[in-house]
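One file, model-v7.cif, is given below (mmCIF, C-alpha atoms).
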```cif
data_upload
#
loop_
_atom_site.label_atom_id
_atom_site.label_comp_id
_atom_site.auth_asym_id
_atom_site.auth_seq_id
_atom_site.Cartn_x
_atom_site.Cartn_y
_atom_site.Cartn_z
CA MET A 1 150.37 -37.48 93.86
CA ASN A 2 151.97 -35.34 91.19
CA ILE A 3 150.72 -31.77 91.20
CA PRO A 4 152.00 -29.23 88.68
CA PRO A 5 153.40 -25.95 90.00
CA MET A 6 150.62 -23.54 90.82
CA LEU A 7 152.59 -20.31 90.94
CA MET A 8 155.64 -18.94 89.18
CA ARG A 9 157.62 -16.05 90.53
CA LEU A 10 159.35 -13.93 87.96
CA LYS A 11 161.51 -11.10 89.19
CA ILE A 12 163.63 -9.11 86.77
CA ILE A 13 165.18 -5.93 88.07
CA ASN A 14 167.69 -3.93 86.07
CA SER A 15 168.10 -0.38 84.84
CA GLU A 16 165.42 -0.85 82.15
CA HIS A 17 162.92 -3.24 83.76
CA HIS A 18 161.35 -3.65 87.14
CA ILE A 19 159.22 -6.78 86.91
CA ASN A 20 158.07 -8.58 90.03
CA LEU A 21 155.27 -11.02 89.26
CA TRP A 22 153.60 -14.02 90.82
CA LEU A 23 152.05 -15.76 87.82
CA PRO A 24 149.04 -17.99 88.60
CA LEU A 25 150.02 -21.07 86.59
CA PHE A 26 146.93 -22.97 87.74
CA LEU A 27 144.90 -20.80 85.34
CA VAL A 28 147.21 -21.82 82.48
CA TRP A 29 146.80 -25.52 83.36
CA ILE A 30 143.00 -25.19 83.24
CA VAL A 31 143.16 -23.63 79.75
CA LEU A 32 145.67 -26.27 78.59
CA LEU A 33 143.47 -29.07 79.96
CA VAL A 34 140.48 -27.78 77.99
CA ILE A 35 142.64 -27.53 74.82
CA ALA A 36 144.02 -31.05 75.38
CA ILE A 37 140.52 -32.50 75.78
CA ALA A 38 139.34 -30.68 72.63
CA LEU A 39 142.34 -31.93 70.65
CA SER A 40 142.28 -35.51 71.98
CA PRO A 41 140.32 -36.99 69.00
CA ILE A 42 142.85 -35.45 66.56
CA ILE A 43 145.75 -36.74 68.67
CA CYS A 44 144.23 -40.25 68.65
CA ILE A 45 143.98 -40.17 64.83
CA LEU A 46 147.58 -38.89 64.57
CA VAL A 47 148.79 -41.68 66.89
CA LEU A 48 147.15 -44.28 64.62
CA ILE A 49 148.59 -42.69 61.45
CA LEU A 50 152.11 -42.32 62.88
CA TRP A 51 152.22 -45.73 64.62
CA PRO A 52 153.82 -47.58 61.65
CA LEU A 53 156.56 -44.90 61.47
CA GLY A 54 157.45 -45.41 65.14
CA TRP A 55 156.32 -41.94 66.19
CA GLY A 56 152.81 -43.01 67.30
CA GLU A 57 154.00 -44.47 70.59
CA THR A 58 156.14 -41.38 71.22
CA LEU A 59 153.15 -39.11 70.64
CA LEU A 60 150.98 -41.25 72.90
CA LEU A 61 153.52 -41.27 75.74
CA ALA A 62 154.63 -37.67 75.28
CA GLY A 63 151.59 -36.23 77.07
CA PRO A 64 152.10 -38.07 80.40
CA ALA A 65 155.89 -37.58 80.13
CA VAL A 66 155.54 -33.82 79.63
CA TYR A 67 153.02 -33.69 82.50
CA ARG A 68 155.54 -35.47 84.77
CA LEU A 69 158.22 -33.01 83.64
CA ILE A 70 155.99 -30.03 84.47
CA CYS A 71 155.11 -31.51 87.88
CA SER A 72 158.80 -32.01 88.59
CA ALA A 73 159.49 -28.33 87.98
CA ARG A 74 157.96 -27.53 91.40
CA GLU A 75 160.59 -25.98 93.66
CA LEU A 76 162.86 -25.19 90.69
CA SER A 77 164.65 -22.01 91.59
CA ILE A 78 167.00 -19.84 89.58
CA ASP A 79 168.51 -16.77 91.21
CA ILE A 80 171.11 -14.69 89.38
CA ARG A 81 172.32 -11.41 90.84
CA GLN A 82 174.90 -8.90 89.88
CA PRO A 83 175.24 -5.26 90.89
CA GLY A 84 172.14 -3.44 89.69
CA GLU A 85 170.53 -6.56 88.22
CA ILE A 86 168.45 -9.41 89.64
CA VAL A 87 166.82 -12.29 87.78
CA GLN A 88 164.75 -14.72 89.84
CA ILE A 89 162.56 -17.53 88.58
CA TYR A 90 160.82 -19.76 91.07
CA PHE A 91 158.11 -22.39 90.65
CA LYS A 92 155.90 -23.13 93.65
CA MET B 1 181.83 -50.34 110.95
CA GLY B 2 178.30 -51.69 111.15
CA ASN B 3 177.00 -54.47 113.44
CA ASN B 4 176.70 -56.97 110.60
CA GLN B 5 180.28 -56.40 109.48
CA THR B 6 181.55 -56.87 113.06
CA LYS B 7 179.59 -60.14 113.37
CA ILE B 8 181.01 -61.42 110.07
CA LEU B 9 184.57 -60.64 111.17
CA GLU B 10 183.95 -62.32 114.54
CA MET B 11 182.64 -65.44 112.75
CA LEU B 12 185.73 -65.40 110.50
CA ALA B 13 188.03 -65.05 113.54
CA ALA B 14 186.22 -67.93 115.26
CA GLY B 15 186.71 -70.06 112.14
CA LYS B 16 182.95 -70.51 111.64
CA ILE B 17 183.12 -69.20 108.03
CA SER B 18 185.81 -69.19 105.36
CA VAL B 19 187.55 -66.09 103.98
CA ALA B 20 185.59 -66.42 100.72
CA GLU B 21 182.28 -66.58 102.59
CA ALA B 22 183.27 -63.59 104.74
CA ASP B 23 184.18 -61.65 101.60
CA ARG B 24 180.81 -62.47 100.00
CA LEU B 25 178.88 -61.51 103.14
CA LEU B 26 180.84 -58.28 103.54
CA SER B 27 180.10 -57.32 99.94
CA LEU B 28 176.39 -57.99 100.63
CA THR B 29 176.43 -55.63 103.63
CA GLY B 30 177.97 -53.01 101.32
CA THR B 31 175.08 -53.47 98.87
CA GLU B 32 172.61 -53.22 101.75
CA LYS B 33 174.21 -49.94 102.79
CA GLN B 34 173.99 -48.68 99.18
CA GLU B 35 170.29 -49.62 99.01
CA ASN B 36 169.56 -47.82 102.28
CA LYS B 37 171.10 -44.63 100.92
CA LYS B 38 168.63 -41.80 100.50
CA SER B 39 168.38 -40.27 97.09
CA PRO B 40 169.05 -36.51 96.94
CA LYS B 41 166.16 -34.10 96.51
CA TYR B 42 167.87 -31.13 94.86
CA LEU B 43 170.94 -30.43 92.77
CA ARG B 44 172.41 -27.07 93.72
CA VAL B 45 174.76 -24.89 91.70
CA GLN B 46 176.20 -21.83 93.42
CA ILE B 47 178.64 -19.28 92.08
CA THR B 48 179.92 -16.84 94.67
CA PRO B 49 182.25 -13.95 93.87
CA LEU B 50 185.31 -13.72 96.12
CA ASN B 51 187.66 -10.93 97.08
CA GLU B 52 191.44 -11.26 97.48
CA ASP B 53 191.00 -12.73 100.98
CA ASN B 54 188.69 -15.47 99.62
CA GLU B 55 185.65 -13.91 101.30
CA ALA B 56 182.26 -13.66 99.58
CA VAL B 57 181.64 -10.20 98.17
CA GLY B 58 179.06 -8.46 96.01
CA GLY B 59 179.21 -9.20 92.32
CA GLN B 60 177.67 -11.74 90.00
CA ARG B 61 176.08 -14.39 92.16
CA VAL B 62 174.28 -17.47 90.86
CA ASN B 63 172.13 -19.78 92.94
CA VAL B 64 170.27 -22.52 91.10
CA ARG B 65 168.25 -25.30 92.71
CA VAL B 66 167.09 -28.06 90.38
CA PRO B 67 164.75 -30.73 91.79
CA VAL B 68 166.24 -34.16 91.13
CA SER B 69 162.75 -35.31 90.09
CA LEU B 70 163.08 -32.93 87.12
CA MET B 71 166.18 -34.80 85.97
CA ARG B 72 164.34 -38.10 86.49
CA ALA B 73 161.40 -36.88 84.38
CA GLY B 74 163.80 -35.57 81.72
CA ILE B 75 165.53 -38.94 81.40
CA LYS B 76 162.14 -40.66 81.17
CA LEU B 77 161.10 -38.20 78.47
CA ALA B 78 164.28 -39.02 76.53
CA SER B 79 163.46 -42.73 76.79
CA ILE B 80 160.32 -42.32 74.65
CA ILE B 81 162.29 -41.04 71.66
CA PRO B 82 161.70 -43.53 68.81
CA PRO B 83 164.78 -45.59 67.81
CA SER B 84 164.85 -43.95 64.38
CA ALA B 85 165.55 -40.56 65.97
CA TYR B 86 168.40 -41.74 68.21
CA ASN B 87 170.98 -41.52 65.42
CA ASP B 88 170.17 -37.86 64.76
CA VAL B 89 170.30 -37.06 68.48
CA ASP B 90 173.61 -38.91 68.91
CA ALA B 91 175.10 -37.10 65.90
CA ALA B 92 173.98 -33.72 67.30
CA LEU B 93 175.49 -34.58 70.71
CA LYS B 94 178.77 -35.65 69.09
CA ASP B 95 178.87 -32.34 67.20
CA LYS B 96 178.74 -30.61 70.59
CA GLY B 97 181.58 -32.83 71.84
CA LEU B 98 179.39 -35.05 74.05
CA GLN B 99 180.17 -38.73 73.59
CA ILE B 100 176.91 -39.97 75.09
CA ASP B 101 174.75 -42.71 73.65
CA LEU B 102 171.18 -42.07 74.79
CA ARG B 103 170.36 -45.75 74.33
CA ASP B 104 172.68 -46.48 77.26
CA ILE B 105 170.56 -44.38 79.61
CA LYS B 106 167.71 -46.62 80.66
CA PRO B 107 164.89 -45.62 83.04
CA GLU B 108 165.71 -48.60 85.31
CA ASN B 109 169.21 -47.16 85.88
CA ILE B 110 167.96 -43.71 86.85
CA GLU B 111 167.55 -44.45 90.56
CA GLU B 112 171.08 -45.85 90.80
CA LEU B 113 172.42 -42.79 89.01
CA ILE B 114 170.46 -40.38 91.23
CA THR B 115 171.47 -42.15 94.45
CA ALA B 116 175.09 -41.94 93.32
CA LEU B 117 174.60 -38.21 92.78
CA GLY B 118 174.15 -37.91 96.56
CA ASP B 119 177.92 -38.18 96.94
CA LEU B 120 178.56 -35.50 94.33
CA GLU B 121 180.36 -32.42 95.51
CA VAL B 122 182.32 -30.17 93.19
CA ASN B 123 184.19 -27.15 94.52
CA VAL B 124 186.11 -25.02 92.06
CA GLU B 125 187.76 -21.90 93.40
CA ASP B 126 189.88 -19.30 91.67
CA LYS B 127 190.90 -15.80 92.69
CA ASN B 128 187.60 -14.27 91.52
CA SER B 129 184.90 -16.79 92.37
CA ARG B 130 183.89 -20.06 93.96
CA ILE B 131 181.75 -22.56 92.03
CA GLN B 132 179.98 -25.24 94.02
CA VAL B 133 177.89 -28.11 92.68
CA PHE B 134 176.32 -30.34 95.32
CA THR B 135 173.15 -32.17 96.24
CA GLU B 136 170.67 -31.56 99.06
CA PHE B 137 168.55 -34.14 100.82
#
```
Please, can you express the file's structure as structure tokens?
Amino acid sequence: MNIPPMLMRLKIINSEHHINLWLPLFLVWIVLLVIAIALSPIICILVLILWPLGWGETLLLAGPAVYRLICSARELSIDIRQPGEIVQIYFK
Amino acid sequence: MGNNQTKILEMLAAGKISVAEADRLLSLTGTEKQENKKSPKYLRVQITPLNEDNEAVGGQRVNVRVPVSLMRAGIKLASIIPPSAYNDVDAALKDKGLQIDLRDIKPENIEELITALGDLEVNVEDKNSRIQVFTEF
């Protein structure tokens, strides 16, 4: 089962910033889910309007495709270090 | 050499099958081997600074781990682009010097592409740094 990343670690350390955060992404997904449900009637109308132009199908499939993309970002890790500077982004 | 390949060669030596049949069967065992290959889980990119003795030292260090499933999802996302938009995308890619036709990348070819990535290993080394691109299972 595809589960989106629940936490994001953001660590930026340099001479100006000292950021070390674990961001609870699951809270963002809840808010986005509510927004998506609220907007679904408008999206359905847009799909019907844009269908003859060829963009309707794209709009319809974009939601699940973006969801798959977000789920796939689990375990993505970026770690860049140089003397006096660290940038770390990690999705868990 | 696998058991099946040995058996085929033994049958060829015993004259039970022809050279053409042996060739066909051997190519099938190759395909079987390809199908049994595990697909990689992560694509890793590492940049390690080196000193004059080619030993890792402090300096700018990059360590990126990209889940292969992210690439798979990205290719699938590209496949939903409507045909009318492909020309614009292709033109933009050509402007950047990339001669890639997105229509050639089909979701059914993704698995083959990803399995082939399992053999990928790039090592570039100069006097200042070592760049490694490889896959992890």
Which residues of chain A have any atom within 12 Å of an atom in chain B when counting only C-alpha atoms, and what is the closest pair of atoms for each, with the distance in Å to one decimal? Order the rows by chain and rising number and write it as JSON lines.
```
{"residue": "A:Asn2", "atom": "CA", "partner": "B:Ser69", "partner_atom": "CA", "distance": 10.8}
{"residue": "A:Pro4", "atom": "CA", "partner": "B:Leu70", "partner_atom": "CA", "distance": 11.8}
{"residue": "A:Leu50", "atom": "CA", "partner": "B:Pro82", "partner_atom": "CA", "distance": 11.3}
{"residue": "A:Trp51", "atom": "CA", "partner": "B:Pro82", "partner_atom": "CA", "distance": 10.6}
{"residue": "A:Pro52", "atom": "CA", "partner": "B:Pro82", "partner_atom": "CA", "distance": 11.4}
{"residue": "A:Leu53", "atom": "CA", "partner": "B:Ser84", "partner_atom": "CA", "distance": 8.8}
{"residue": "A:Gly54", "atom": "CA", "partner": "B:Pro82", "partner_atom": "CA", "distance": 5.9}
{"residue": "A:Trp55", "atom": "CA", "partner": "B:Pro82", "partner_atom": "CA", "distance": 6.2}
{"residue": "A:Gly56", "atom": "CA", "partner": "B:Pro82", "partner_atom": "CA", "distance": 9.0}
{"residue": "A:Glu57", "atom": "CA", "partner": "B:Ile80", "partner_atom": "CA", "distance": 7.8}
{"residue": "A:Thr58", "atom": "CA", "partner": "B:Ile80", "partner_atom": "CA", "distance": 5.5}
{"residue": "A:Leu59", "atom": "CA", "partner": "B:Ile80", "partner_atom": "CA", "distance": 8.8}
{"residue": "A:Leu60", "atom": "CA", "partner": "B:Ile80", "partner_atom": "CA", "distance": 9.6}
{"residue": "A:Leu61", "atom": "CA", "partner": "B:Ile80", "partner_atom": "CA", "distance": 7.0}
{"residue": "A:Ala62", "atom": "CA", "partner": "B:Leu77", "partner_atom": "CA", "distance": 7.2}
{"residue": "A:Gly63", "atom": "CA", "partner": "B:Leu77", "partner_atom": "CA", "distance": 9.8}
{"residue": "A:Pro64", "atom": "CA", "partner": "B:Leu77", "partner_atom": "CA", "distance": 9.2}
{"residue": "A:Ala65", "atom": "CA", "partner": "B:Leu77", "partner_atom": "CA", "distance": 5.5}
{"residue": "A:Val66", "atom": "CA", "partner": "B:Leu77", "partner_atom": "CA", "distance": 7.2}
{"residue": "A:Tyr67", "atom": "CA", "partner": "B:Ala73", "partner_atom": "CA", "distance": 9.2}
{"residue": "A:Arg68", "atom": "CA", "partner": "B:Ala73", "partner_atom": "CA", "distance": 6.0}
{"residue": "A:Leu69", "atom": "CA", "partner": "B:Ala73", "partner_atom": "CA", "distance": 5.1}
{"residue": "A:Ile70", "atom": "CA", "partner": "B:Leu70", "partner_atom": "CA", "distance": 8.1}
{"residue": "A:Cys71", "atom": "CA", "partner": "B:Leu70", "partner_atom": "CA", "distance": 8.1}
{"residue": "A:Ser72", "atom": "CA", "partner": "B:Leu70", "partner_atom": "CA", "distance": 4.6}
{"residue": "A:Ala73", "atom": "CA", "partner": "B:Leu70", "partner_atom": "CA", "distance": 5.9}
{"residue": "A:Arg74", "atom": "CA", "partner": "B:Pro67", "partner_atom": "CA", "distance": 7.5}
{"residue": "A:Glu75", "atom": "CA", "partner": "B:Pro67", "partner_atom": "CA", "distance": 6.6}
{"residue": "A:Leu76", "atom": "CA", "partner": "B:Val66", "partner_atom": "CA", "distance": 5.1}
{"residue": "A:Ser77", "atom": "CA", "partner": "B:Arg65", "partner_atom": "CA", "distance": 5.0}
{"residue": "A:Ile78", "atom": "CA", "partner": "B:Val64", "partner_atom": "CA", "distance": 4.5}
{"residue": "A:Asp79", "atom": "CA", "partner": "B:Asn63", "partner_atom": "CA", "distance": 5.0}
{"residue": "A:Ile80", "atom": "CA", "partner": "B:Val62", "partner_atom": "CA", "distance": 4.5}
{"residue": "A:Arg81", "atom": "CA", "partner": "B:Arg61", "partner_atom": "CA", "distance": 5.0}
{"residue": "A:Gln82", "atom": "CA", "partner": "B:Gln60", "partner_atom": "CA", "distance": 4.0}
{"residue": "A:Pro83", "atom": "CA", "partner": "B:Gly59", "partner_atom": "CA", "distance": 5.8}
{"residue": "A:Gly84", "atom": "CA", "partner": "B:Gly59", "partner_atom": "CA", "distance": 9.5}
{"residue": "A:Glu85", "atom": "CA", "partner": "B:Gln60", "partner_atom": "CA", "distance": 9.0}
{"residue": "A:Ile86", "atom": "CA", "partner": "B:Arg61", "partner_atom": "CA", "distance": 9.5}
{"residue": "A:Val87", "atom": "CA", "partner": "B:Val62", "partner_atom": "CA", "distance": 9.6}
{"residue": "A:Gln88", "atom": "CA", "partner": "B:Asn63", "partner_atom": "CA", "distance": 9.5}
{"residue": "A:Ile89", "atom": "CA", "partner": "B:Val64", "partner_atom": "CA", "distance": 9.5}
{"residue": "A:Tyr90", "atom": "CA", "partner": "B:Arg65", "partner_atom": "CA", "distance": 9.4}
{"residue": "A:Phe91", "atom": "CA", "partner": "B:Val66", "partner_atom": "CA", "distance": 10.6}
{"residue": "A:Lys92", "atom": "CA", "partner": "B:Pro67", "partner_atom": "CA", "distance": 11.8}
```
Between CA of Tyr86 (chain B) and CA of Asp101 (chain B), what is the distance in Å, rounded to a tenth? 8.4 Å
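CA of Leu120 (chain B) lies 22.6 Å from CA of Ser27 (chain B).
Among the candidates B:Asn51, B:Leu98, B:Gln132, B:Ser39, the residue lying nearest to Ile114 (chain B) is B:Ser39 (atoms considered: all atoms listed in the file).
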d(CA of Glu112 (chain B), CA of Arg24 (chain B)) in Å: 21.3 Å
Taking the file as shown, what set of residues would the PyMOL selection byres ((chain B and resi 4-6) around 10) give back, as a PyMOL selection string? chain B and resi 1-3+7-12+22+25-30
Expand the PyMOL selection byres ((chain B and resi 119) around 10) into the explicit residue set it covers here, and present it as a ChimeraX atom specification. /B:39-40,114-118,120-122,134-135
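Here the residues that fall within 8 Å of (155.8, -8.1, 91.6), using only C-alpha atoms, are given as Leu10, Lys11, Ile19, Asn20, Leu21 and Trp22 of chain A.
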